[in-house]
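> I'd like to ask you about the structure that follows.
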Amino acid sequence: MNRIEPRTGVAFELSRGDRLTVRDPDGGQVSDLLAYNASDVGETISNGRTFDYEETIRLGKGNRLWSNRSNPMLTIVEDTVDRHDFLLTPCSEDTFRHFYPDKPLHRGCFGNLAEALAPYGISPDAIPTAFNIFMNVPVDGDRGTLAVEPPVSKAGDRIVLQAEMDLVIGLTACSAYASNGGSFKPIDYEISSDA
């Protein structure tokens, strides 16, 4: 098991058929996930295509995460939380200026992802909306108002995703106060080649 320290991020490759397990070791922590086609990073994860083809914004076991070119990138094969967000963008310095003006400025998940993905030729402008694992964003049914509440994930909760193509993955231990209930914790991940 690999560890992402609080408020940091990593990037790595997954081969088609590999399984990625993302675990919340202490509970109450969010992890932003990005995916790019390893052979053409212009093809990237898309929340709009995913919502369209999966016909839901509540993604969990059995759902696929789709690319901007309408290809499945990842399939959720196990999910002990069943509460994730695919609406909100990775937190950034601008997020901190907007929502946390009284807190120290931080580059956020956006800055961490930009640094981790740069060696793969992925620029900051190519960072889309992330699949925010364990993030709890209830949507008001009448007005569509969004809220960010603490994750419901407990220590040891996990999600397992299977790669449907060769991928470059960006993954964080989220940096925003509201997303994590005001605390910052690590995220663990593991890659398995066994189906």
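Ordering of the structure tokens sets the chain letters (A, B, ...), residue numbers begin anew at 1 in every chain, and ligands are numbered from 1 in the order given.
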Could you give me, as a PyMOL selection string, the residues within 10 Å of range 184-193 of chain A, counting only C-alpha atoms and dropping anything in the same chain fewer than 5 positions from it?
chain A and resi 1-9+12-31+156+158-162+171-177+179
> Go through range 53-150 of chain A residue by residue and, counting only C-alpha atoms, keep those with an atom at most 12 Å from range 37-40 of chain A; for each kept residue give the shortest atom pair and its distance in Å to one decimal, ordered by chain and increasing number, as a tab-separated table.

residue	atom	partner	partner_atom	distance
A:Trp66	CA	A:Asn37	CA	11.0
A:Ser67	CA	A:Asn37	CA	8.6
A:Asn68	CA	A:Asn37	CA	10.5
A:Arg69	CA	A:Asn37	CA	10.3
A:Asn71	CA	A:Asn37	CA	9.9
A:Pro72	CA	A:Asn37	CA	10.4
A:Met73	CA	A:Asn37	CA	7.9
A:Leu74	CA	A:Asn37	CA	10.9
A:Leu117	CA	A:Ala38	CA	11.6
A:Tyr120	CA	A:Ala38	CA	8.6
A:Gly121	CA	A:Asp40	CA	10.0
A:Ile122	CA	A:Asp40	CA	10.2
> How about saving the chosen residues, C-alpha atoms kept, as an mmCIF file, in the first residue's frame?

data_model
loop_
_atom_site.group_PDB
_atom_site.id
_atom_site.type_symbol
_atom_site.label_atom_id
_atom_site.label_comp_id
_atom_site.auth_asym_id
_atom_site.auth_seq_id
_atom_site.Cartn_x
_atom_site.Cartn_y
_atom_site.Cartn_z
ATOM 1 C CA TRP A 66 -16.155 8.066 -19.129
ATOM 2 C CA SER A 67 -13.774 10.190 -21.174
ATOM 3 C CA ASN A 68 -14.392 13.378 -23.138
ATOM 4 C CA ARG A 69 -14.269 11.123 -26.234
ATOM 5 C CA ASN A 71 -14.860 5.924 -24.015
ATOM 6 C CA PRO A 72 -15.048 4.159 -20.637
ATOM 7 C CA MET A 73 -11.876 4.799 -18.627
ATOM 8 C CA LEU A 74 -12.562 3.204 -15.239
ATOM 9 C CA LEU A 117 1.076 15.416 -13.892
ATOM 10 C CA TYR A 120 3.419 13.320 -18.402
ATOM 11 C CA GLY A 121 3.048 16.443 -20.558
ATOM 12 C CA ILE A 122 -0.227 17.470 -18.912
#
> Calculated over only C-alpha atoms, which of the candidates A:Ala118, A:Ala35, A:Val10, A:Ala126 has the smallest distance to Ala163 in chain A?
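Nearest to Ala163 in chain A: A:Ala35.
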